[in-house]
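So the structure is just underneath, and the comments pick up after that.
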Amino acid sequence: MWSGDAVMTLDELAERVESTGLEVLCITDHNAVKGAQAALESDLGCRVIVGEELRTTQGEIIGLFLDERVPIGLKPGDAAERIRDQGGLVYIPHPFDPLRRPLSGQAIDALVAEGRVDAFEVLNAKVSLDSLNERAVRYAKKHGLTPGAGSDAHDPAALGAAYVAMPDFDGPTDFLEHLGEGRIVGHRFDRPRAWSPRIIPGDL
């Protein structure tokens, strides 16, 4: 709910974790880390990686293993540097989906050339066209990028729609190494997910 466009409470998250059997969640609210930190301190029944999906001047980037929020409105390279300064990982979400504020192609190419991309999303369960995920697969292979996947869940039912089955890990470096050994699991949705707004309490 910290994202502003999502409708999931911590209680609902815990219920969904139990029903799906997920062991690790990367929680990446838009431009915020408080929700992920609250989840980390609660009893969700799984491990939590604190992250943030932040808007840069050229689209969105995800930082994983963060200690604090990265401000919005930075240039992509500066955002990647802020993430790395925290010991975090730079993850590129929904890279070619024109409906989702993706990072621009020019910015992606520049970050890749500079070695600032740690993982590249090749399966996003919320992307409506298979061709967009397939394009991401080709790009990752061409540039030798570690592939990732995400459910992009904004509601409980979507959690676990895409994930990576991978060996256990200890910290960001180990996570990235084992992510590359993982198996991506997921599917397209057959129909759009239902979405309804909620009023978010002022203290969130």
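Identifiers in this document derive from the order of the structure tokens: chains are assigned A, B, ..., residues are numbered from 1 separately in each chain, and ligands are numbered from 1 in order of occurrence.
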
Within 8 Å of Glu181 (chain A) using only C-alpha atoms, minus same-chain residues under 4 positions, as number ranges by chain
A: 166-167, 177

Report as a VMD selection string all protein, DNA and RNA residues lying within 12 Å of Arg135 (chain A), evaluated on only C-alpha atoms, omitting residues in the same chain fewer than 6 positions from it.
chain A and resid 94 to 97 120 to 124 127 129 141 to 142

Go ahead and dump the residues you just picked, N, CA and C atoms, as a PDB file, in the first residue's frame.
ATOM      1  N   HIS A  94      10.610  -4.523 -16.088  1.00  0.00           N
ATOM      2  CA  HIS A  94       9.771  -4.333 -17.300  1.00  0.00           C
ATOM      3  C   HIS A  94      10.449  -3.428 -18.345  1.00  0.00           C
ATOM      4  N   PRO A  95      11.602  -3.859 -18.870  1.00  0.00           N
ATOM      5  CA  PRO A  95      12.448  -2.938 -19.638  1.00  0.00           C
ATOM      6  C   PRO A  95      11.867  -2.400 -20.936  1.00  0.00           C
ATOM      7  N   PHE A  96      10.957  -3.111 -21.578  1.00  0.00           N
ATOM      8  CA  PHE A  96      10.493  -2.661 -22.886  1.00  0.00           C
ATOM      9  C   PHE A  96       8.982  -2.449 -22.970  1.00  0.00           C
ATOM     10  N   ASP A  97       8.322  -2.378 -21.840  1.00  0.00           N
ATOM     11  CA  ASP A  97       6.872  -2.207 -21.830  1.00  0.00           C
ATOM     12  C   ASP A  97       6.527  -0.719 -21.892  1.00  0.00           C
ATOM     13  N   PHE A 120      18.521  -8.183 -14.887  1.00  0.00           N
ATOM     14  CA  PHE A 120      17.647  -7.651 -15.940  1.00  0.00           C
ATOM     15  C   PHE A 120      16.386  -8.503 -15.992  1.00  0.00           C
ATOM     16  N   GLU A 121      15.236  -7.879 -15.834  1.00  0.00           N
ATOM     17  CA  GLU A 121      13.987  -8.639 -15.775  1.00  0.00           C
ATOM     18  C   GLU A 121      13.586  -9.159 -17.155  1.00  0.00           C
ATOM     19  N   VAL A 122      13.523 -10.475 -17.279  1.00  0.00           N
ATOM     20  CA  VAL A 122      13.153 -11.092 -18.555  1.00  0.00           C
ATOM     21  C   VAL A 122      11.744 -11.663 -18.531  1.00  0.00           C
ATOM     22  N   LEU A 123      11.155 -11.721 -17.331  1.00  0.00           N
ATOM     23  CA  LEU A 123       9.749 -12.116 -17.223  1.00  0.00           C
ATOM     24  C   LEU A 123       9.072 -11.248 -16.180  1.00  0.00           C
ATOM     25  N   ASN A 124       8.145 -10.442 -16.638  1.00  0.00           N
ATOM     26  CA  ASN A 124       7.304  -9.645 -15.749  1.00  0.00           C
ATOM     27  C   ASN A 124       5.877 -10.124 -15.972  1.00  0.00           C
ATOM     28  N   VAL A 127       3.204  -7.825 -17.656  1.00  0.00           N
ATOM     29  CA  VAL A 127       3.334  -7.404 -19.051  1.00  0.00           C
ATOM     30  C   VAL A 127       2.327  -8.177 -19.902  1.00  0.00           C
ATOM     31  N   LEU A 129       2.058  -8.461 -23.279  1.00  0.00           N
ATOM     32  CA  LEU A 129       2.507  -9.043 -24.547  1.00  0.00           C
ATOM     33  C   LEU A 129       3.726  -9.927 -24.330  1.00  0.00           C
ATOM     34  N   LYS A 141      20.529 -12.008 -22.923  1.00  0.00           N
ATOM     35  CA  LYS A 141      21.478 -12.980 -23.470  1.00  0.00           C
ATOM     36  C   LYS A 141      22.575 -12.284 -24.265  1.00  0.00           C
ATOM     37  N   LYS A 142      22.188 -11.315 -25.066  1.00  0.00           N
ATOM     38  CA  LYS A 142      23.159 -10.604 -25.905  1.00  0.00           C
ATOM     39  C   LYS A 142      24.219  -9.909 -25.063  1.00  0.00           C
TER      40      LYS A 142
END

According to DSSP computed on the backbone, where in region 57-140 of chain A is there alpha helix (DSSP H)? Give the residues as number ranges by chain.
A: 76-85, 105-113, 130-140

Distance of CA of Thr57 (chain A) from CA of Gly35 (chain A), expressed in Å to one decimal place:
23.6 Å

Those in region 3-113 of chain A with strand (DSSP E) from DSSP, as a PyMOL selection string
chain A and resi 24-27+47-56+59-64+89-92

Output of the above residues as a CSV table (one decimal), in the first residue's frame, restricted to N, CA and C atoms:
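The new file selection_15.csv reads:
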chain,number,residue,atom,x,y,z
A,24,VAL,N,11.1,-16.2,-0.2
A,24,VAL,CA,11.7,-14.9,-0.1
A,24,VAL,C,10.9,-13.9,-1.0
A,25,LEU,N,10.7,-12.7,-0.4
A,25,LEU,CA,10.0,-11.7,-1.2
A,25,LEU,C,11.0,-10.4,-1.3
A,26,CYS,N,11.0,-9.9,-2.6
A,26,CYS,CA,11.7,-8.6,-2.8
A,26,CYS,C,10.5,-7.6,-2.8
A,27,ILE,N,10.4,-6.8,-1.9
A,27,ILE,CA,9.3,-5.8,-1.8
A,27,ILE,C,9.9,-4.5,-2.3
A,47,ARG,N,11.5,-14.7,4.2
A,47,ARG,CA,12.5,-13.6,4.2
A,47,ARG,C,12.1,-12.5,3.4
A,48,VAL,N,12.5,-11.3,3.7
A,48,VAL,CA,12.2,-10.1,3.0
A,48,VAL,C,13.5,-9.3,2.6
A,49,ILE,N,13.5,-9.0,1.3
A,49,ILE,CA,14.6,-8.1,0.8
A,49,ILE,C,14.0,-6.7,0.6
A,50,VAL,N,14.6,-5.8,1.2
A,50,VAL,CA,14.1,-4.4,1.1
A,50,VAL,C,14.6,-3.8,-0.2
A,51,GLY,N,13.6,-3.3,-1.0
A,51,GLY,CA,13.9,-2.6,-2.2
A,51,GLY,C,13.1,-1.4,-2.5
A,52,GLU,N,13.3,-0.8,-3.7
A,52,GLU,CA,12.5,0.3,-4.1
A,52,GLU,C,12.5,0.4,-5.6
A,53,GLU,N,11.3,0.7,-6.1
A,53,GLU,CA,11.2,0.9,-7.6
A,53,GLU,C,11.1,2.5,-7.7
A,54,LEU,N,12.2,3.1,-8.1
A,54,LEU,CA,12.3,4.5,-8.1
A,54,LEU,C,12.2,5.1,-9.5
A,55,ARG,N,11.6,6.2,-9.6
A,55,ARG,CA,11.5,6.9,-10.9
A,55,ARG,C,12.7,7.8,-11.1
A,56,THR,N,13.4,7.6,-12.2
A,56,THR,CA,14.5,8.4,-12.6
A,56,THR,C,14.1,9.4,-13.7
A,59,GLY,N,13.0,7.0,-16.6
A,59,GLY,CA,12.2,5.7,-16.4
A,59,GLY,C,12.6,5.1,-15.0
A,60,GLU,N,12.1,3.9,-14.8
A,60,GLU,CA,12.2,3.3,-13.5
A,60,GLU,C,13.3,2.3,-13.4
A,61,ILE,N,13.9,2.3,-12.2
A,61,ILE,CA,15.0,1.3,-11.8
A,61,ILE,C,14.6,0.8,-10.4
A,62,ILE,N,15.0,-0.5,-10.2
A,62,ILE,CA,14.8,-1.1,-8.9
A,62,ILE,C,16.1,-1.2,-8.2
A,63,GLY,N,16.1,-0.9,-6.9
A,63,GLY,CA,17.3,-1.1,-6.1
A,63,GLY,C,16.9,-2.2,-5.1
A,64,LEU,N,17.7,-3.2,-4.9
A,64,LEU,CA,17.5,-4.3,-4.0
A,64,LEU,C,18.6,-4.3,-2.9
A,89,LEU,N,21.8,-3.9,-5.2
A,89,LEU,CA,21.9,-4.4,-6.5
A,89,LEU,C,21.0,-3.5,-7.4
A,90,VAL,N,21.4,-3.3,-8.6
A,90,VAL,CA,20.6,-2.6,-9.6
A,90,VAL,C,19.9,-3.6,-10.5
A,91,TYR,N,18.6,-3.5,-10.5
A,91,TYR,CA,17.7,-4.4,-11.2
A,91,TYR,C,16.8,-3.6,-12.2
A,92,ILE,N,16.8,-4.0,-13.4
A,92,ILE,CA,16.0,-3.3,-14.4
A,92,ILE,C,14.6,-4.0,-14.6

Would you mind telling me which residue in A:Ala6, A:Ala119, A:Ala80, A:Val17 lies nearest to His30 (chain A) when using only C-alpha atoms?
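Comparing A:Ala6, A:Ala119, A:Ala80, A:Val17 against His30 (chain A), the winner is A:Ala6.
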
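When only C-alpha atoms are used to compute distances to Gly160 (chain A), the closest of the residues A:Gln86, A:Ser128, A:Ser19, A:Ser104 turns out to be A:Ser19.
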